[in-house]
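Right, one structure below, let's go through it.
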Amino acid sequence: MMDFLKRTVGLWIPLLVVAGIAAYPLITGSDSNREAMFSILLAIALASSLNILLGYTGYVSFGHIVFFGIGGYAGLYVMTVLGWNIWFAVLLGATVAGLIAYLLGSAILRLRGGYFALATIGVNEAMRALTGNIDALGGPIGMDVNFSLYKPFGGPGGMLQFVFWSVVALTVLVIIISFVVKKSKFGLGLQAIREDEDAAEDMGVVAPRAKTWAYVLSAIIPGALGVLFFFKNGHIEPGEAFRLALSIEMIVWVMLGGIGTVLGPVVGAGLYQETRKLLLTNAYLKNIQLAVAGALLLAIVLFVPAGIVGWLRSRNARLRKVLE
Amino acid sequence: MILTVDHVTKRFGGLTAVDDVSVELEEGMILGLIGPNGAGKTTLFNCITGVYPPTSGSVVFRGKEIAGSKAYTVARMGLARTHQIVRPLNDLTVRENVIVGACYGRENLGLRDGAKVADEVLEFVGLASRTEELAGKLNVAQKKRLELARALAARPHMLLLDEVLAGLNTAEVTGMLDTIRAIREGGVTILMIEHIMHAVMNLSDRIIVLDYGKLIAEGAPEAVAQDERVIEAYLGDPDIIEEVTDVDAIEEDPT
Ligand SMILES: Nc1ncnc2c1ncn2[C@@H]1O[C@H](COP(=O)(O)OP(=O)(O)OP(=O)(O)O)[C@@H](O)[C@H]1O
Ligand SMILES: [Mg+2]
């Protein structure tokens, strides 16, 4: 038992942080706290997902938000048009995102370095243009969630509760996935690819297959989150679903906290979202939000490329044992 | 024959780096591959290990055609290599580096068994005291040993060593030579590229010589050392000529 705890301590720490964030609105009983924590949890889950690709394999997906948008569109379509319930819609969102990642991965993961990053932006922009031109998806106006869909939850209040706890569950899930992957043979292969893809292949790592599965794993939770987010939002449209700015923020979250670590995306997304609230209250800073994110990204890359958790790990051998 | 290289040619644009080379290796032997800088030695390795396909020709390993196969396919069949320019997985520990070799090599082990093999191999190559260090922190000699350890952890049928002795001091060379002999004792066939003549002459059962991509000599170490074309190929590098031609001196004084 002690042995198990010792081996998994790197999982319990991020899970405790998430539990704390989830419990905060419960303890304070405040709806506005719940909404604040919702946006932090969403960021953590998105960052942890991206980290499976970005952190473990070293492939920069600049347009990762595409899976969030795809999930949102798929989910809202089947709920509003076909009348599916939210559970199946979430499952479908995850599946469609994973499937598209699989197909895309097979095609564009052959590109190395900057070319892959560029391709992912292209994919995101293409999806934005595409959805804007499909009438069944509402074209540029998008789709609305009929209020009646909130009825099963006892109205909007209940729906907000439901979505909040679903996002908590998905956040926990993605953190567990990150940890299990990192500690697995598959994850070791991914990290070998990150360090030196050719050397990894020389040792027998089937890089194309491993990368594709990492991409799929990093896409499914964002797909599920997209369904929940836009269901709660009540509306989806191309510009909101495929917001490149959010994609760039996702990278900042991962890099700030610590690329390739399980705890890093949790810390990075949490800190960033908390700080961002301060920026948003200032009218001037609000407008330069993305510039701030860009400057921050630059500063991290230049001065602390390992991020907060990575830096802590490199400082101290004991920390290396507890912080994964 | 464990490996048959048959009329392999590799061109890079106008440059023919490997020119119609044929070689055969018997199981359990050590074959030395020598030749001046730029002769195409590493390129031949790359054609065998699937880094890139040969322009033409065939490579048969344990009865299977592998020319044009991917590097990972070849590795999994039990053909492991080291890199002339070391390629440690810097941010992983020494142990993790070797576990990659073990888990993705011929035996396709799980993590736990892979870790066991890694520890054995690290002990064997003399890196047991460095297992938890990050691979990027090792010195050159240790990185060379790490390359060897990763390749060995794959439990290969055959090992391609690309200048594992380069950059090592005399004591380290002696240590590495013992290690290579021990590997051969374990039944692994070895094809080794080496510039340090006395070492390759002493270790190898047979030697082949490449020059400008062409195979210019092949045979027992003593015979190759006397071969006129070999001596000519090394013209301009008198130290090496001395070493190549003076085999007796080598055997008396292995440093
Ligand atoms: N990927 C490549 N693209 C173009 N030319 C290459 C490539 N790899 C090798 N060459 C060229 O092929 C020739 C043979 O190179 P190779 O590295 O095989 O020589 P080598 O015998 O290993 O030399 P050394 O003893 O210096 O390691 C050289 O002229 C080299 O510049
Ligand atoms: Mg070479």
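FYI, nothing fancy with the structure tokens labels: chains A, B, ... in order, residues from 1 per chain, ligands from 1 as they appear.
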
What are the closest atom pairs, with distances in Å to one decimal, for all residues of chain B lying within 6 Å of chain A? Consider only C-alpha atoms, order rows by chain and residue number, and present the result as JSON lines.
```
{"residue": "B:Ala71", "atom": "CA", "partner": "A:Asp202", "partner_atom": "CA", "distance": 5.2}
{"residue": "B:Tyr72", "atom": "CA", "partner": "A:Gly204", "partner_atom": "CA", "distance": 3.9}
{"residue": "B:Ala75", "atom": "CA", "partner": "A:Gly204", "partner_atom": "CA", "distance": 5.0}
{"residue": "B:Arg76", "atom": "CA", "partner": "A:Gly204", "partner_atom": "CA", "distance": 5.4}
{"residue": "B:Leu89", "atom": "CA", "partner": "A:Glu195", "partner_atom": "CA", "distance": 5.0}
{"residue": "B:Gly101", "atom": "CA", "partner": "A:Met203", "partner_atom": "CA", "distance": 5.4}
{"residue": "B:Tyr104", "atom": "CA", "partner": "A:Gly204", "partner_atom": "CA", "distance": 4.9}
{"residue": "B:Gly105", "atom": "CA", "partner": "A:Gly204", "partner_atom": "CA", "distance": 5.6}
{"residue": "B:Leu111", "atom": "CA", "partner": "A:Lys185", "partner_atom": "CA", "distance": 5.7}
```

Go through chain B and flag each residue having an atom no more than 9 Å from ligand 1; for those, report the closest pair of atoms plus their distance in Å to one decimal, using only C-alpha atoms and all ligand atoms, ordered by chain and rising number, as JSON lines.
```
{"residue": "B:Lys10", "atom": "CA", "partner": "ligand 1", "partner_atom_place_in_ligand_line": "12 (O)", "distance": 8.7}
{"residue": "B:Arg11", "atom": "CA", "partner": "ligand 1", "partner_atom_place_in_ligand_line": "5 (N)", "distance": 8.0}
{"residue": "B:Phe12", "atom": "CA", "partner": "ligand 1", "partner_atom_place_in_ligand_line": "4 (C)", "distance": 4.9}
{"residue": "B:Gly13", "atom": "CA", "partner": "ligand 1", "partner_atom_place_in_ligand_line": "4 (C)", "distance": 7.4}
{"residue": "B:Leu15", "atom": "CA", "partner": "ligand 1", "partner_atom_place_in_ligand_line": "12 (O)", "distance": 6.9}
{"residue": "B:Thr16", "atom": "CA", "partner": "ligand 1", "partner_atom_place_in_ligand_line": "12 (O)", "distance": 7.2}
{"residue": "B:Ala17", "atom": "CA", "partner": "ligand 1", "partner_atom_place_in_ligand_line": "12 (O)", "distance": 4.4}
{"residue": "B:Val18", "atom": "CA", "partner": "ligand 1", "partner_atom_place_in_ligand_line": "14 (C)", "distance": 7.3}
{"residue": "B:Ile34", "atom": "CA", "partner": "ligand 1", "partner_atom_place_in_ligand_line": "21 (O)", "distance": 7.9}
{"residue": "B:Gly35", "atom": "CA", "partner": "ligand 1", "partner_atom_place_in_ligand_line": "21 (O)", "distance": 6.3}
{"residue": "B:Pro36", "atom": "CA", "partner": "ligand 1", "partner_atom_place_in_ligand_line": "25 (O)", "distance": 5.9}
{"residue": "B:Asn37", "atom": "CA", "partner": "ligand 1", "partner_atom_place_in_ligand_line": "25 (O)", "distance": 3.7}
{"residue": "B:Gly38", "atom": "CA", "partner": "ligand 1", "partner_atom_place_in_ligand_line": "19 (O)", "distance": 3.4}
{"residue": "B:Ala39", "atom": "CA", "partner": "ligand 1", "partner_atom_place_in_ligand_line": "21 (O)", "distance": 3.8}
{"residue": "B:Gly40", "atom": "CA", "partner": "ligand 1", "partner_atom_place_in_ligand_line": "18 (O)", "distance": 3.2}
{"residue": "B:Lys41", "atom": "CA", "partner": "ligand 1", "partner_atom_place_in_ligand_line": "21 (O)", "distance": 3.7}
{"residue": "B:Thr42", "atom": "CA", "partner": "ligand 1", "partner_atom_place_in_ligand_line": "22 (O)", "distance": 3.7}
{"residue": "B:Thr43", "atom": "CA", "partner": "ligand 1", "partner_atom_place_in_ligand_line": "18 (O)", "distance": 3.6}
{"residue": "B:Leu44", "atom": "CA", "partner": "ligand 1", "partner_atom_place_in_ligand_line": "18 (O)", "distance": 6.4}
{"residue": "B:Phe45", "atom": "CA", "partner": "ligand 1", "partner_atom_place_in_ligand_line": "18 (O)", "distance": 7.9}
{"residue": "B:Asn46", "atom": "CA", "partner": "ligand 1", "partner_atom_place_in_ligand_line": "18 (O)", "distance": 8.2}
{"residue": "B:Tyr52", "atom": "CA", "partner": "ligand 1", "partner_atom_place_in_ligand_line": "1 (N)", "distance": 8.8}
{"residue": "B:Gln84", "atom": "CA", "partner": "ligand 1", "partner_atom_place_in_ligand_line": "27 (O)", "distance": 7.1}
{"residue": "B:Ile85", "atom": "CA", "partner": "ligand 1", "partner_atom_place_in_ligand_line": "27 (O)", "distance": 9.0}
{"residue": "B:Asp162", "atom": "CA", "partner": "ligand 1", "partner_atom_place_in_ligand_line": "22 (O)", "distance": 8.1}
{"residue": "B:Glu163", "atom": "CA", "partner": "ligand 1", "partner_atom_place_in_ligand_line": "27 (O)", "distance": 8.0}
{"residue": "B:Ile193", "atom": "CA", "partner": "ligand 1", "partner_atom_place_in_ligand_line": "22 (O)", "distance": 8.1}
{"residue": "B:Glu194", "atom": "CA", "partner": "ligand 1", "partner_atom_place_in_ligand_line": "25 (O)", "distance": 8.2}
{"residue": "B:His195", "atom": "CA", "partner": "ligand 1", "partner_atom_place_in_ligand_line": "25 (O)", "distance": 7.3}
{"residue": "B:Leu210", "atom": "CA", "partner": "ligand 1", "partner_atom_place_in_ligand_line": "21 (O)", "distance": 7.6}
{"residue": "B:Asp211", "atom": "CA", "partner": "ligand 1", "partner_atom_place_in_ligand_line": "21 (O)", "distance": 8.0}
{"residue": "B:Tyr212", "atom": "CA", "partner": "ligand 1", "partner_atom_place_in_ligand_line": "14 (C)", "distance": 7.6}
{"residue": "B:Gly213", "atom": "CA", "partner": "ligand 1", "partner_atom_place_in_ligand_line": "14 (C)", "distance": 7.1}
```

(request) Pick out each residue of segment 174-216 of chain B that DSSP on the backbone tags as strand (DSSP E or B); I need them as a PyMOL selection string. (result) chain B and resi 189-193+206-211+214-216

With N, CA and C atoms retained, could you export that selection as a compact mmCIF listing (two decimals), in the first residue's frame?
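Result written to out.txt:
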```
# COMPACT_ATOMS: atom_id res chain seq x y z
N THR B 189 26.93 -11.28 -33.42
CA THR B 189 27.74 -10.96 -34.59
C THR B 189 27.98 -9.46 -34.62
N ILE B 190 29.19 -9.05 -34.98
CA ILE B 190 29.50 -7.62 -34.92
C ILE B 190 30.09 -7.13 -36.24
N LEU B 191 29.55 -6.01 -36.71
CA LEU B 191 30.15 -5.29 -37.82
C LEU B 191 30.59 -3.95 -37.25
N MET B 192 31.89 -3.68 -37.27
CA MET B 192 32.34 -2.45 -36.64
C MET B 192 33.16 -1.55 -37.55
N ILE B 193 32.77 -0.27 -37.55
CA ILE B 193 33.55 0.75 -38.23
C ILE B 193 34.56 1.26 -37.22
N ARG B 206 37.78 -10.61 -39.88
CA ARG B 206 38.03 -10.19 -41.25
C ARG B 206 37.85 -8.68 -41.34
N ILE B 207 38.44 -8.12 -42.39
CA ILE B 207 38.35 -6.66 -42.57
C ILE B 207 37.86 -6.39 -43.99
N ILE B 208 37.01 -5.37 -44.12
CA ILE B 208 36.74 -4.87 -45.47
C ILE B 208 37.12 -3.40 -45.50
N VAL B 209 37.52 -2.94 -46.69
CA VAL B 209 37.99 -1.57 -46.82
C VAL B 209 37.17 -0.84 -47.87
N LEU B 210 36.61 0.30 -47.49
CA LEU B 210 35.89 1.15 -48.44
C LEU B 210 36.75 2.36 -48.79
N ASP B 211 36.68 2.77 -50.05
CA ASP B 211 37.34 4.01 -50.46
C ASP B 211 36.49 4.63 -51.55
N LYS B 214 33.68 2.56 -52.78
CA LYS B 214 33.91 1.24 -53.37
C LYS B 214 34.62 0.31 -52.38
N LEU B 215 34.27 -0.96 -52.46
CA LEU B 215 34.97 -1.96 -51.67
C LEU B 215 36.29 -2.25 -52.37
N ILE B 216 37.42 -1.89 -51.73
CA ILE B 216 38.70 -2.07 -52.44
C ILE B 216 39.51 -3.24 -51.90
```

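You will find atom CA of Arg209 of chain A at 26.6 Å from atom CA of Ile44 of chain A.
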
(request) Go through segment 194-258 of chain A and collect every residue that DSSP, computed from the backbone, puts in helix (DSSP H, G or I); the answer should be as a VMD selection string. (result) chain A and resid 194 to 195 197 to 202 207 to 233 238 to 241 244 to 257

Using only C-alpha atoms, which protein or nucleic acid residues come within 12 Å of Thr275 of chain A? Drop anything in the same chain fewer than 3 positions from it, and give the result as a PDB file with N, CA and C atoms, in the first residue's frame.
```
ATOM      1  N   ALA A  36     -15.885  30.814 -11.957  1.00  0.00           N
ATOM      2  CA  ALA A  36     -14.439  31.089 -12.022  1.00  0.00           C
ATOM      3  C   ALA A  36     -13.653  29.779 -12.024  1.00  0.00           C
ATOM      4  N   ILE A  40     -11.116  27.692 -14.890  1.00  0.00           N
ATOM      5  CA  ILE A  40      -9.784  27.163 -14.546  1.00  0.00           C
ATOM      6  C   ILE A  40      -9.702  25.671 -14.848  1.00  0.00           C
ATOM      7  N   TRP A 253      -0.171  27.755 -21.251  1.00  0.00           N
ATOM      8  CA  TRP A 253      -0.495  27.041 -20.011  1.00  0.00           C
ATOM      9  C   TRP A 253       0.477  25.887 -19.775  1.00  0.00           C
ATOM     10  N   GLY A 268       0.225  25.551 -14.503  1.00  0.00           N
ATOM     11  CA  GLY A 268       0.302  26.599 -15.516  1.00  0.00           C
ATOM     12  C   GLY A 268      -1.066  27.173 -15.854  1.00  0.00           C
ATOM     13  N   ALA A 269      -2.024  26.280 -16.110  1.00  0.00           N
ATOM     14  CA  ALA A 269      -3.368  26.741 -16.471  1.00  0.00           C
ATOM     15  C   ALA A 269      -4.008  27.482 -15.306  1.00  0.00           C
ATOM     16  N   GLY A 270      -3.827  26.953 -14.103  1.00  0.00           N
ATOM     17  CA  GLY A 270      -4.401  27.579 -12.915  1.00  0.00           C
ATOM     18  C   GLY A 270      -3.855  28.981 -12.703  1.00  0.00           C
ATOM     19  N   LEU A 271      -2.532  29.091 -12.695  1.00  0.00           N
ATOM     20  CA  LEU A 271      -1.911  30.394 -12.464  1.00  0.00           C
ATOM     21  C   LEU A 271      -2.303  31.397 -13.537  1.00  0.00           C
ATOM     22  N   TYR A 272      -2.237  30.944 -14.782  1.00  0.00           N
ATOM     23  CA  TYR A 272      -2.506  31.841 -15.895  1.00  0.00           C
ATOM     24  C   TYR A 272      -3.941  32.372 -15.824  1.00  0.00           C
ATOM     25  N   LEU A 278      -7.231  39.232 -13.422  1.00  0.00           N
ATOM     26  CA  LEU A 278      -6.780  40.565 -13.048  1.00  0.00           C
ATOM     27  C   LEU A 278      -6.650  41.440 -14.287  1.00  0.00           C
ATOM     28  N   LEU A 279      -6.104  40.825 -15.355  1.00  0.00           N
ATOM     29  CA  LEU A 279      -5.937  41.580 -16.590  1.00  0.00           C
ATOM     30  C   LEU A 279      -7.292  42.016 -17.144  1.00  0.00           C
ATOM     31  N   LEU A 280      -8.254  41.122 -17.054  1.00  0.00           N
ATOM     32  CA  LEU A 280      -9.556  41.385 -17.665  1.00  0.00           C
ATOM     33  C   LEU A 280     -10.301  42.524 -16.991  1.00  0.00           C
ATOM     34  N   THR A 281     -10.017  42.735 -15.710  1.00  0.00           N
ATOM     35  CA  THR A 281     -10.719  43.806 -15.009  1.00  0.00           C
ATOM     36  C   THR A 281     -10.192  45.177 -15.422  1.00  0.00           C
ATOM     37  N   ASN A 282      -9.033  45.186 -16.056  1.00  0.00           N
ATOM     38  CA  ASN A 282      -8.466  46.447 -16.519  1.00  0.00           C
ATOM     39  C   ASN A 282      -8.750  46.621 -18.005  1.00  0.00           C
ATOM     40  N   LEU A 285      -5.613  46.621 -20.370  1.00  0.00           N
ATOM     41  CA  LEU A 285      -4.928  45.330 -20.451  1.00  0.00           C
ATOM     42  C   LEU A 285      -5.782  44.288 -21.163  1.00  0.00           C
ATOM     43  N   LYS A 286      -7.089  44.441 -21.051  1.00  0.00           N
ATOM     44  CA  LYS A 286      -8.006  43.484 -21.663  1.00  0.00           C
ATOM     45  C   LYS A 286      -7.747  43.388 -23.167  1.00  0.00           C
ATOM     46  N   GLN A 289      -4.551  41.406 -24.187  1.00  0.00           N
ATOM     47  CA  GLN A 289      -4.447  40.095 -23.541  1.00  0.00           C
ATOM     48  C   GLN A 289      -3.553  39.118 -24.305  1.00  0.00           C
ATOM     49  N   VAL A 292       0.029  39.917 -24.184  1.00  0.00           N
ATOM     50  CA  VAL A 292       0.603  39.493 -22.908  1.00  0.00           C
ATOM     51  C   VAL A 292       0.927  38.003 -22.955  1.00  0.00           C
ATOM     52  N   ALA A 293      -0.017  37.232 -23.502  1.00  0.00           N
ATOM     53  CA  ALA A 293       0.213  35.786 -23.608  1.00  0.00           C
ATOM     54  C   ALA A 293       1.440  35.510 -24.459  1.00  0.00           C
ATOM     55  N   LEU A 296       4.599  36.438 -22.631  1.00  0.00           N
ATOM     56  CA  LEU A 296       4.838  35.438 -21.583  1.00  0.00           C
ATOM     57  C   LEU A 296       5.460  34.180 -22.184  1.00  0.00           C
TER      58      LEU A 296
END
```

(message) Excluding Gly187 of chain A and its own-chain neighbours fewer than 4 positions away, which residues fall within 9 Å of it when counting only C-alpha atoms? Please give them as a PyMOL selection string.
(response) chain A and resi 52+56-57+180-183+191-192+210+214

Take the residues just selected and output them with C-alpha atoms as a short mmCIF file (atom, residue, chain, number, x, y, z; two decimals), in the first residue's frame.
```cif
data_model
loop_
_atom_site.label_atom_id
_atom_site.label_comp_id
_atom_site.auth_asym_id
_atom_site.auth_seq_id
_atom_site.Cartn_x
_atom_site.Cartn_y
_atom_site.Cartn_z
CA ILE A 52 0.23 14.45 -24.03
CA TYR A 56 5.53 13.88 -24.28
CA THR A 57 6.29 13.74 -28.00
CA VAL A 180 -0.61 6.43 -16.81
CA VAL A 181 0.73 7.27 -20.27
CA LYS A 182 3.86 8.86 -18.84
CA LYS A 183 4.59 5.80 -16.72
CA GLN A 191 9.50 10.66 -24.73
CA ALA A 192 12.20 8.95 -26.75
CA ALA A 210 3.10 6.16 -31.45
CA ALA A 214 -0.56 10.41 -28.76
#
```

(message) Can you pull out the residues contacting Asn169 of chain B? Cut-off 12 Å, using only C-alpha atoms, and skip same-chain residues under 2 positions away; I want them as a VMD selection string.
(response) chain B and resid 140 to 142 164 to 167 171 to 176 196 255

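The gap separating atom CA of Ile30 of chain B from atom CA of Asp113 of chain B is 28.8 Å, in Å to one decimal.
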
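With only C-alpha atoms as the atoms that count, the minimum distance from Pro14 of chain A to the choices A:Pro222, A:Gly234, A:Gly264, A:Gly114 is reached by A:Gly264.
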